[in-house]
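Next comes run_10.cif, with mmCIF, C-alpha atoms.
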data_protein
#
loop_
_atom_site.label_atom_id
_atom_site.label_comp_id
_atom_site.auth_asym_id
_atom_site.auth_seq_id
_atom_site.Cartn_x
_atom_site.Cartn_y
_atom_site.Cartn_z
CA MET A 1066 97.83 84.47 102.85
CA ASP A 1067 97.39 87.90 104.42
CA TYR A 1068 98.41 89.17 107.83
CA ARG A 1069 95.26 87.77 109.46
CA MET A 1070 96.19 84.32 108.19
CA SER A 1071 99.87 84.66 108.94
CA CYS A 1072 100.24 86.50 112.24
CA ARG A 1073 96.86 86.15 113.84
CA LEU A 1074 96.28 82.58 112.69
CA HIS A 1075 99.61 81.11 113.52
CA ALA A 1076 99.30 82.88 116.84
CA ILE A 1077 95.65 82.39 117.67
CA VAL A 1078 93.80 79.97 115.44
CA ALA A 1079 96.52 77.36 115.60
CA ALA A 1080 96.41 77.86 119.30
CA LEU A 1081 92.90 76.53 119.40
CA LEU A 1082 92.15 72.88 119.12
CA ALA A 1083 91.89 71.19 115.77
CA ALA A 1084 88.19 70.81 116.51
CA ILE A 1085 87.91 74.59 116.24
CA VAL A 1086 90.35 75.36 113.40
CA ALA A 1087 93.44 73.59 112.12
CA ALA A 1088 96.30 75.95 111.42
CA SER A 1089 100.01 76.42 111.92
CA LEU A 1090 101.36 78.04 115.05
CA VAL A 1091 103.69 80.96 115.36
CA GLY A 1092 103.87 84.41 116.73
CA CYS A 1093 102.80 86.23 119.82
CA SER A 1094 100.88 83.46 120.83
CA GLY A 1095 101.75 79.90 120.53
CA THR A 1096 101.08 76.57 122.01
CA GLY A 1097 102.26 76.32 125.55
CA GLY A 1098 101.92 74.32 128.66
CA GLY A 1099 102.39 73.74 132.31
CA GLY A 1100 102.76 70.64 134.37
CA ASP A 1101 106.25 69.21 134.36
CA SER A 1102 108.84 70.63 136.69
CA GLY A 1103 111.49 72.85 135.16
CA THR A 1104 114.95 71.62 134.37
CA GLY A 1105 116.85 74.35 136.16
CA GLY A 1106 117.82 77.94 135.43
CA ASP A 1107 118.86 81.11 137.21
CA GLU A 1108 116.09 83.30 138.59
CA GLY A 1109 118.28 86.39 138.76
CA GLY A 1110 118.93 89.10 136.18
CA ARG A 1111 115.58 89.06 134.42
CA ALA A 1112 115.49 91.50 131.49
CA VAL A 1113 112.12 93.26 131.42
CA VAL A 1114 110.78 94.22 127.98
CA PRO A 1115 109.60 97.85 128.23
CA ALA A 1116 106.51 99.19 126.52
CA THR A 1117 107.33 101.87 123.94
CA ASP A 1118 105.41 104.47 121.96
CA LEU A 1119 106.26 102.68 118.70
CA TRP A 1120 104.51 99.73 117.04
CA LEU A 1121 107.34 97.90 115.33
CA MET A 1122 105.77 94.49 114.68
CA PRO A 1123 102.44 92.72 115.10
CA GLY A 1124 102.11 92.14 118.84
CA HIS A 1125 104.35 95.19 119.61
CA ASP A 1126 107.51 93.26 120.51
CA ALA A 1127 109.22 89.91 120.09
CA GLY A 1128 107.62 88.79 123.36
CA TRP A 1129 104.18 89.34 121.79
CA THR A 1130 102.91 91.33 124.78
CA PHE A 1131 100.49 93.58 122.81
CA GLN A 1132 101.38 96.44 125.15
CA THR A 1133 102.02 100.13 124.42
CA ALA A 1134 103.33 103.17 126.29
CA VAL A 1135 100.98 105.48 124.36
CA LYS A 1136 98.54 107.04 126.84
CA LEU A 1137 95.49 108.67 125.27
CA SER A 1138 92.32 109.83 127.07
CA PRO A 1139 89.12 108.36 125.59
CA PRO A 1140 86.74 109.43 124.21
CA LEU A 1141 89.05 109.88 121.24
CA THR A 1142 88.32 112.02 118.19
CA GLN A 1143 89.20 111.18 114.61
CA ALA A 1144 92.12 113.44 113.67
CA TRP A 1145 92.54 112.46 110.01
CA THR A 1146 91.92 109.88 107.31
CA SER A 1147 94.24 108.71 104.54
CA LYS A 1148 93.08 106.61 101.58
CA LEU A 1149 95.47 103.96 100.30
CA GLY A 1150 93.66 102.55 97.27
CA ALA A 1151 91.96 99.30 96.39
CA GLY A 1152 92.45 96.07 98.30
CA TYR A 1153 92.42 94.97 101.93
CA ALA A 1154 94.81 95.80 104.78
CA ASP A 1155 97.25 93.03 105.73
CA SER A 1156 99.42 94.65 108.40
CA LEU A 1157 100.11 97.97 110.13
CA ILE A 1158 103.34 99.12 111.84
CA VAL A 1159 104.37 102.63 112.94
CA GLY A 1160 107.66 104.25 113.93
CA ASN A 1161 109.75 107.39 113.54
CA GLY A 1162 106.94 109.50 112.12
CA THR A 1163 105.95 107.02 109.45
CA LEU A 1164 103.11 104.52 109.15
CA TYR A 1165 103.68 101.41 107.03
CA ALA A 1166 100.56 99.67 105.73
CA LEU A 1167 100.59 96.50 103.65
CA VAL A 1168 97.60 96.39 101.30
CA GLY A 1169 96.65 93.24 99.39
CA GLU A 1170 95.25 93.67 95.88
CA HIS A 1171 92.58 91.09 95.03
CA VAL A 1172 92.61 90.97 91.26
CA ALA A 1173 96.34 91.46 90.71
CA GLU A 1174 97.13 88.85 93.37
CA SER A 1175 99.85 91.12 94.65
CA ALA A 1176 100.38 93.49 97.54
CA ARG A 1177 101.53 97.09 97.93
CA LEU A 1178 103.50 98.51 100.84
CA PHE A 1179 102.72 102.17 101.64
CA ALA A 1180 104.88 104.49 103.75
CA VAL A 1181 102.74 107.38 105.02
CA GLU A 1182 104.08 110.39 106.94
CA THR A 1183 101.90 110.68 110.04
CA ALA A 1184 102.40 114.45 110.34
CA THR A 1185 101.37 115.33 106.76
CA ARG A 1186 99.42 112.21 105.67
CA LYS A 1187 101.49 112.22 102.49
CA ILE A 1188 102.56 108.92 100.95
CA ARG A 1189 106.36 109.03 101.14
CA TRP A 1190 106.79 105.97 98.96
CA GLN A 1191 105.06 102.77 97.90
CA ARG A 1192 106.19 99.58 96.23
CA LYS A 1193 104.62 96.46 94.81
CA LEU A 1194 105.28 93.13 96.50
CA PRO A 1195 104.49 89.49 95.69
CA VAL A 1196 101.65 87.76 97.49
CA GLY A 1197 102.23 84.85 99.84
CA GLU A 1198 102.32 84.14 103.56
CA MET A 1199 103.69 87.45 104.83
CA TYR A 1200 105.40 88.85 107.92
CA THR A 1201 106.48 92.44 108.50
CA SER A 1202 108.60 94.23 111.08
CA LEU A 1203 110.26 97.65 111.47
CA THR A 1204 113.73 98.73 112.60
CA ASP A 1205 115.40 102.13 112.63
CA LYS A 1206 116.62 101.88 109.04
CA HIS A 1207 114.70 99.01 107.50
CA VAL A 1208 111.25 97.60 106.90
CA LEU A 1209 111.57 93.81 106.99
CA PHE A 1210 109.26 91.76 104.82
CA SER A 1211 109.15 87.99 104.34
CA VAL A 1212 107.00 86.14 101.85
CA ASP A 1213 106.50 82.41 101.32
CA ARG A 1214 105.52 81.25 97.84
CA PHE A 1215 104.40 77.74 96.94
CA ASN A 1216 105.35 76.25 93.58
CA GLU A 1217 102.63 73.81 92.52
CA ALA A 1218 104.81 72.32 89.78
CA THR A 1219 107.56 71.27 92.18
CA ASN A 1220 105.28 70.97 95.26
CA GLN A 1221 107.81 73.03 97.22
CA SER A 1222 107.84 76.33 99.09
CA ARG A 1223 110.56 78.94 98.91
CA SER A 1224 110.72 82.03 101.10
CA THR A 1225 112.63 85.29 101.04
CA LEU A 1226 113.28 87.83 103.78
CA SER A 1227 113.89 91.33 102.40
CA ALA A 1228 114.89 94.66 103.91
CA PHE A 1229 113.73 97.95 102.41
CA ALA A 1230 115.19 101.33 103.35
CA THR A 1231 112.71 103.29 105.48
CA SER A 1232 113.78 106.52 103.75
CA ASN A 1233 112.83 105.57 100.19
CA GLY A 1234 111.64 101.94 100.06
CA LYS A 1235 114.58 100.75 97.99
CA ASP A 1236 116.11 97.29 98.40
CA ALA A 1237 118.77 96.96 101.08
CA TRP A 1238 119.25 93.18 101.03
CA THR A 1239 117.43 89.88 100.47
CA TYR A 1240 117.93 86.56 102.25
CA SER A 1241 116.70 83.40 100.50
CA ALA A 1242 115.55 80.40 102.48
CA ASN A 1243 115.27 76.99 100.83
CA GLY A 1244 111.99 76.35 102.63
CA SER A 1245 109.07 78.17 104.24
CA ILE A 1246 109.62 81.02 106.69
CA ARG A 1247 107.01 80.46 109.42
CA ASN A 1248 107.76 83.38 111.72
CA LEU A 1249 109.71 86.63 111.95
CA LEU A 1250 110.76 88.23 115.24
CA VAL A 1251 113.25 91.07 115.75
CA ASN A 1252 115.34 91.38 118.91
CA ASN A 1253 118.68 93.18 119.48
CA ASN A 1254 119.49 93.73 115.78
CA ILE A 1255 118.82 90.09 114.94
CA ALA A 1256 115.90 88.84 112.84
CA TYR A 1257 114.83 85.42 114.15
CA ILE A 1258 113.16 83.24 111.52
CA GLN A 1259 111.74 79.72 111.72
CA VAL A 1260 112.26 77.82 108.44
CA ASP A 1261 110.60 74.54 107.46
CA ALA A 1262 112.33 72.69 104.61
CA GLU A 1263 112.08 69.21 103.17
CA SER A 1264 115.53 68.22 104.37
CA GLU A 1265 115.41 69.92 107.78
CA SER A 1266 113.72 72.55 109.92
CA PHE A 1267 115.85 75.22 111.51
CA LEU A 1268 115.95 78.49 113.41
CA ALA A 1269 118.22 81.17 111.94
CA GLY A 1270 119.54 84.50 113.13
CA ILE A 1271 119.84 87.11 110.37
CA ASP A 1272 121.94 90.23 110.85
CA ILE A 1273 119.57 93.15 110.24
CA ALA A 1274 122.31 95.46 109.00
CA THR A 1275 123.68 93.10 106.32
CA GLY A 1276 121.11 90.34 105.72
CA LYS A 1277 123.77 87.70 106.42
CA GLU A 1278 122.93 84.52 108.32
CA ARG A 1279 124.90 84.72 111.58
CA TRP A 1280 123.91 81.33 112.90
CA ARG A 1281 121.59 78.38 112.36
CA ALA A 1282 120.16 75.90 114.88
CA ARG A 1283 118.38 72.73 113.82
CA THR A 1284 114.86 72.15 115.22
CA ASP A 1285 112.30 69.37 115.15
CA ALA A 1286 109.69 69.57 112.41
CA ASN A 1287 106.85 70.43 114.81
CA ASP A 1288 108.82 73.00 116.85
CA ARG A 1289 107.74 76.61 116.44
CA LEU A 1290 109.53 79.78 117.46
CA VAL A 1291 106.93 81.84 119.32
CA ALA A 1292 108.61 84.56 121.40
CA VAL A 1293 111.88 86.22 122.36
CA ALA A 1294 111.95 88.31 125.55
CA GLY A 1295 115.13 89.67 127.06
CA ASP A 1296 117.69 86.86 126.90
CA VAL A 1297 115.21 83.98 126.61
CA LEU A 1298 113.80 82.32 123.49
CA TYR A 1299 110.55 80.35 123.67
CA SER A 1300 109.56 77.57 121.30
CA MET A 1301 106.47 75.39 121.22
CA ALA A 1302 105.66 71.93 119.94
CA SER A 1303 102.13 70.55 119.66
CA THR A 1304 100.95 67.11 118.66
CA ALA A 1305 99.14 66.77 115.34
CA GLU A 1306 95.83 66.60 117.17
CA ASN A 1307 96.66 69.65 119.34
CA ASP A 1308 95.84 67.61 122.43
CA SER A 1309 99.26 68.11 124.01
CA THR A 1310 101.89 70.85 123.85
CA THR A 1311 105.41 71.38 125.13
CA ILE A 1312 106.88 74.83 125.73
CA THR A 1313 110.66 75.16 125.97
CA ALA A 1314 112.72 78.14 127.16
CA GLN A 1315 116.34 78.56 126.03
CA SER A 1316 118.97 81.10 127.03
CA LEU A 1317 120.41 83.31 124.29
CA GLY A 1318 124.08 84.04 123.75
CA LYS A 1319 125.28 87.64 123.81
CA ASP A 1320 127.08 87.33 120.48
CA GLY A 1321 124.36 87.11 117.85
CA GLY A 1322 121.62 85.84 120.11
CA LYS A 1323 122.04 82.14 119.29
CA PRO A 1324 120.18 79.72 121.61
CA GLN A 1325 122.69 78.30 124.13
CA ARG A 1326 121.07 75.94 126.60
CA ARG A 1327 117.67 74.78 127.70
CA LEU A 1328 116.45 76.55 130.82
CA TRP A 1329 113.24 74.59 131.31
CA SER A 1330 110.48 72.68 129.59
CA LYS A 1331 106.77 72.28 130.42
CA LYS A 1332 104.04 70.09 129.05
CA ALA A 1333 100.25 70.34 129.24
CA PRO A 1334 97.15 69.04 127.47
CA GLY A 1335 95.65 71.21 124.77
CA ALA A 1336 97.17 74.09 122.81
CA GLY A 1337 97.17 77.80 123.27
CA LEU A 1338 98.79 81.23 123.38
CA LEU A 1339 102.01 82.57 124.87
CA ALA A 1340 103.31 86.03 125.80
CA CYS A 1341 106.31 87.16 127.86
CA ASP A 1342 107.49 90.57 129.10
CA GLY A 1343 110.54 89.39 131.06
CA ARG A 1344 108.68 89.37 134.39
CA VAL A 1345 106.44 86.43 133.56
CA ALA A 1346 105.89 84.00 130.72
CA VAL A 1347 102.15 83.41 130.39
CA ALA A 1348 100.57 80.49 128.55
CA ALA A 1349 96.82 80.30 127.96
CA MET A 1350 96.01 76.67 127.16
CA VAL A 1351 92.78 75.57 125.51
CA SER A 1352 91.59 72.00 126.08
CA LEU A 1353 88.37 70.04 125.77
CA GLU A 1354 86.08 69.85 128.77
CA GLY A 1355 83.02 67.72 128.13
CA ALA A 1356 81.20 69.12 125.11
CA GLY A 1357 82.99 72.47 125.25
CA GLU A 1358 86.37 74.06 125.79
CA LYS A 1359 88.11 75.74 128.70
CA THR A 1360 91.34 77.71 129.06
CA ASP A 1361 93.95 77.14 131.74
CA VAL A 1362 96.23 80.14 132.30
CA PHE A 1363 99.75 79.49 133.65
CA ALA A 1364 102.29 82.16 134.65
CA TYR A 1365 105.92 81.06 134.83
CA GLU A 1366 109.11 82.71 136.08
CA PRO A 1367 111.06 83.16 132.81
CA GLN A 1368 114.48 81.88 133.89
CA SER A 1369 113.53 78.92 136.07
CA GLY A 1370 110.09 77.94 134.79
CA ARG A 1371 108.76 78.04 138.35
CA LEU A 1372 104.94 78.22 138.37
CA LEU A 1373 103.94 81.60 139.81
CA TRP A 1374 100.18 81.12 139.52
CA LYS A 1375 97.47 79.24 137.68
CA THR A 1376 93.80 79.92 136.96
CA ASP A 1377 91.16 78.87 134.43
CA ILE A 1378 88.28 80.39 132.47
CA PRO A 1379 85.33 78.47 130.96
CA LEU A 1380 85.89 79.51 127.33
CA PRO A 1381 88.54 79.15 124.61
CA ALA A 1382 91.08 82.00 124.69
CA TRP A 1383 91.58 83.90 121.45
CA GLN A 1384 93.56 86.86 122.82
CA LEU A 1385 96.41 87.21 125.31
CA ALA A 1386 98.24 90.40 126.32
CA ILE A 1387 100.50 91.65 129.13
CA GLY A 1388 100.77 95.27 130.25
CA SER A 1389 100.10 97.76 133.05
CA GLU A 1390 100.76 94.96 135.58
CA ARG A 1391 97.90 92.95 134.10
CA VAL A 1392 97.55 89.72 132.19
CA VAL A 1393 94.53 90.13 129.91
CA VAL A 1394 92.83 87.12 128.31
CA GLY A 1395 89.99 87.38 125.80
CA GLY A 1396 87.66 84.74 124.39
CA ILE A 1397 84.32 84.28 122.66
CA ALA A 1398 81.21 84.17 124.86
CA ALA A 1399 78.05 82.13 124.26
CA ASN A 1400 76.34 85.16 122.64
CA GLY A 1401 79.09 85.46 120.03
CA GLY A 1402 80.63 88.47 121.73
CA SER A 1403 83.78 88.70 123.84
CA LEU A 1404 84.55 88.06 127.48
CA ILE A 1405 87.80 89.71 128.57
CA HIS A 1406 89.38 88.75 131.89
CA ALA A 1407 92.17 90.68 133.64
CA PHE A 1408 94.50 89.19 136.25
CA ASP A 1409 97.26 90.66 138.39
CA GLU A 1410 100.47 89.84 136.55
CA LEU A 1411 102.43 88.55 139.55
CA THR A 1412 99.70 87.00 141.75
CA GLY A 1413 97.04 85.85 139.28
CA LYS A 1414 94.24 87.55 141.24
CA LYS A 1415 91.32 88.37 138.94
CA THR A 1416 90.77 92.14 138.84
CA TRP A 1417 87.83 92.41 136.43
CA THR A 1418 85.76 90.83 133.66
CA TYR A 1419 84.37 92.73 130.67
CA ALA A 1420 81.46 91.47 128.52
CA GLY A 1421 81.60 92.96 125.00
CA PRO A 1422 78.84 93.52 122.43
CA ALA A 1423 76.95 90.40 121.32
CA LYS A 1424 78.03 88.85 118.01
CA LEU A 1425 81.03 91.20 117.81
CA PRO A 1426 84.06 89.29 119.13
CA VAL A 1427 87.24 91.22 119.82
CA PHE A 1428 89.90 89.90 117.43
CA GLU A 1429 92.70 92.32 118.31
CA MET A 1430 93.51 93.58 121.82
CA ILE A 1431 96.17 96.03 123.09
CA VAL A 1432 97.00 97.08 126.66
CA ALA A 1433 97.84 100.77 127.22
CA PRO A 1434 98.81 102.44 130.52
CA ASN A 1435 95.19 103.47 131.20
CA VAL A 1436 92.93 101.35 128.97
CA VAL A 1437 92.64 98.10 127.06
CA TYR A 1438 91.79 98.72 123.38
CA GLY A 1439 89.74 96.17 121.50
CA LEU A 1440 89.01 95.88 117.78
CA ALA A 1441 85.84 93.88 117.26
CA GLY A 1442 83.93 92.63 114.25
CA THR A 1443 81.73 89.79 113.02
CA GLU A 1444 84.04 87.10 111.66
CA GLU A 1445 83.52 85.42 108.30
CA GLU A 1446 86.33 83.39 106.74
CA PHE A 1447 88.99 85.27 108.72
CA ASN A 1448 87.67 88.71 107.76
CA HIS A 1449 85.93 91.00 110.27
CA PHE A 1450 82.87 93.06 109.40
CA ASN A 1451 80.76 95.75 111.12
CA GLY A 1452 83.81 96.97 112.99
CA VAL A 1453 83.78 98.52 116.45
CA LEU A 1454 86.72 100.10 118.26
CA LEU A 1455 86.38 100.07 122.06
CA ALA A 1456 88.33 101.06 125.16
CA VAL A 1457 88.03 99.49 128.63
CA ASP A 1458 89.55 100.98 131.80
CA VAL A 1459 92.62 98.86 132.60
CA LYS A 1460 92.03 99.04 136.37
CA THR A 1461 88.25 98.53 136.56
CA GLY A 1462 87.19 96.85 133.32
CA LYS A 1463 84.56 99.55 132.74
CA GLU A 1464 83.87 100.42 129.11
CA VAL A 1465 84.82 104.06 128.56
CA TRP A 1466 84.48 104.50 124.78
CA THR A 1467 83.25 102.85 121.57
CA LYS A 1468 83.47 103.92 117.94
CA LYS A 1469 81.81 102.33 114.90
CA LEU A 1470 84.15 101.80 111.96
CA GLY A 1471 83.85 100.74 108.31
CA THR A 1472 82.35 97.62 106.78
CA LEU A 1473 85.59 95.62 106.88
CA VAL A 1474 88.10 96.24 109.71
CA SER A 1475 91.69 95.06 109.89
CA HIS A 1476 94.24 96.28 112.44
CA MET A 1477 95.15 98.92 115.00
CA ALA A 1478 98.47 100.36 116.13
CA PRO A 1479 98.96 102.84 119.00
CA ALA A 1480 102.10 104.86 118.35
CA GLU A 1481 103.61 108.33 118.73
CA GLY A 1482 100.61 109.97 120.36
CA ALA A 1483 97.80 108.45 118.29
CA LEU A 1484 95.80 105.27 117.71
CA TYR A 1485 95.85 104.21 114.05
CA VAL A 1486 93.26 101.86 112.56
CA THR A 1487 92.89 100.39 109.06
CA ASP A 1488 89.47 99.64 107.62
CA SER A 1489 87.53 99.50 104.35
CA PRO A 1490 84.33 101.56 104.41
CA ASP A 1491 82.45 100.17 101.40
CA ALA A 1492 80.67 96.99 100.42
CA LYS A 1493 83.04 96.21 97.55
CA ALA A 1494 85.92 95.91 99.95
CA ALA A 1495 83.84 93.78 102.31
CA ALA A 1496 83.04 91.43 99.45
CA GLN A 1497 86.71 91.43 98.41
CA GLU A 1498 85.81 92.78 94.97
CA PRO A 1499 87.74 95.21 92.75
CA GLY A 1500 87.26 98.84 93.70
CA GLY A 1501 87.12 98.38 97.43
CA GLY A 1502 89.33 100.89 99.21
CA VAL A 1503 91.57 100.79 102.29
CA ARG A 1504 91.91 103.80 104.56
CA VAL A 1505 93.90 104.65 107.66
CA LEU A 1506 92.14 106.46 110.53
CA ALA A 1507 94.08 108.38 113.18
CA PHE A 1508 92.44 108.92 116.60
CA LYS A 1509 93.78 111.27 119.26
#

Once more with this new file: its structure as C-alpha cells, please.
Amino acid sequence: MDYRMSCRLHAIVAALLAAIVAASLVGCSGTGGGGDSGTGGDEGGRAVVPATDLWLMPGHDAGWTFQTAVKLSPPLTQAWTSKLGAGYADSLIVGNGTLYALVGEHVAESARLFAVETATRKIRWQRKLPVGEMYTSLTDKHVLFSVDRFNEATNQSRSTLSAFATSNGKDAWTYSANGSIRNLLVNNNIAYIQVDAESESFLAGIDIATGKERWRARTDANDRLVAVAGDVLYSMASTAENDSTTITAQSLGKDGGKPQRRLWSKKAPGAGLLACDGRVAVAAMVSLEGAGEKTDVFAYEPQSGRLLWKTDIPLPAWQLAIGSERVVVGGIAANGGSLIHAFDELTGKKTWTYAGPAKLPVFEMIVAPNVVYGLAGTEEEFNHFNGVLLAVDVKTGKEVWTKKLGTLVSHMAPAEGALYVTDSPDAKAAAQEPGGGVRVLAFK
C-alpha cells in the first residue's frame, strides 16, 4: 500500500463513513467527536506547535496541521525538474537542503527512496526498500521508514521501523514489531507508533537516537493514535459501522513522552478528521443526514476539552488544516470539484468559501502564511489524474494562481523557500505500467 493508501487513507478515507469507503484510521486526521463534557484538565500552559520552513512528515507535524512557514508570492515559476525513474510517488519530505522521495516500482513490487540535494538537483543517495503499508518521517540525522508486510501462509502481519542516516542512507537501526504498525508520528525525539497484534494492541515510544523501545502502553483494538501536539496525545476509537466515534486526550510525561492521564474524552455520531496546533483541537465529523452527508466541525481547548465553537457544512469533509489563524475544511461539491471553507481559529466565524474547478477535487491542502495551496486531480482508485496546483488567498479565499501538472499527480511539500511537487507526466505512469516516470518539480 503506498502513501496515498497509508497516510491519506487512514487519515481521510477512514474518516468518512463506511458508506463512502471502509478503511483504517490514522494520521493527521482521525475520527473525532464532540458532545460529552470533558473529564477535567488544566487550561494553562498550552504548548503551541509552530509552523516551520521544513516538511518533516506527511501533514507537516505530529499534530497534522498541514501548515507551513514558507511564504512564497504566487504566481510561482517552475525553477527546476528532477527525474527519479520509473514508478509512482508514495511520499515526499524535505529538510536540511535535501528532498526525500519514496517511489514505488510496479513490476518489481518494491520501492526506492531517493535523497535529492535541492540546491544541485543531484541524487545524493538511493536505496531499495520492501513494499508494504509505509510511513515516512524525517529528523535531523535520520529518515524513519516503517513497512508492514502480510504473510499469507501464516495469515499474520509483521512490521519494522527503520532509521537511515540522512548523510548516506545507510542503516542506523531497526525496530521489529510483532504486529502491524498503523501510524508513525515524531515528537520530541520520540517516534510514536500504534501496533496491532493478535495478542494485544499497543502504543510504543521508540527512542529516535537508538531505536530502543522506551515504553509501551496497552490500547483497545479499535483505538488509533492520531495526533501529538505539545504535551497532549490524541487517540480515536470508532465503531465498526463508523456511526459513532470517541476522541480521547491524554497528557504526556516529560521523560520519554509516555501517556500519563486522561485529560478529557468526547463522543459524537459519525467519523471524521482531527488536527491540533496547541491552541485548538479541531474535529471535523462526517455523519449521515437524510440521503446525503454533512460535516460538523468542533473546536476544543486542548487541555480541558472545553468546546470553543461548533459549526457545520453540508458536505463530507476530506481535508482539514490549521494555520494563519484559520481552520480550513475541504470537501467534494456536487459538481465533483472542491468546496473549501475557512473559519477563524478561535471564534469559528466563517471568513470565506472557495469553489474549485469542477470534477477536480482537492486531495491535498496546505496552509501557508499568505495562501492555501491545493493539489487537485480526478480520482480513480486512489490515484489522481489531470493534476492542477492552485493557490487561494488565506484572508479572502480568492484564487490567485493555478498551474496544470502531469498526468498523474502525487504530493506537495513547501520547504526551504520553494514548493515541491511530485508527478508523473506520461500515460504509462498514469496506467501504472512499466516505463512510467516520476519527477520532482520545484516552484519559487

Could you check the closest approach to Gly1388 (chain A) for each of A:Leu1506, A:Val1436, A:Leu1268, A:Ile1273 and tell me which residue wins, using only C-alpha atoms?
A:Val1436

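Between CA of Arg1214 (chain A) and CA of Gly1152 (chain A) there is a distance of 19.8 Å.
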
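CA of Phe1131 (chain A) sits 26.5 Å away from CA of Phe1267 (chain A).
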
Can you translate the PyMOL selection byres ((chain A and resi 1438) around 6) into the concrete residues it hits in this file, as a PyMOL selection string?
chain A and resi 1430-1431+1437+1439+1455-1456

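CA of Val1293 (chain A) is positioned 16.7 Å from CA of Ile1246 (chain A).
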
Write out as a ChimeraX atom specification each polymer residue whose atoms come within 9 Å of Tyr1257 (chain A), counting all atoms listed in the file; drop sequence neighbours fewer than 4 positions from it.
/A:1248-1252,1268-1271,1290,1293

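Among A:Gln1384, A:Ser1403, A:Thr1130, A:Ser1232, the residue with the shortest atom-to-atom distance to Lys1424 (chain A), counting all atoms listed in the file, is A:Ser1403.
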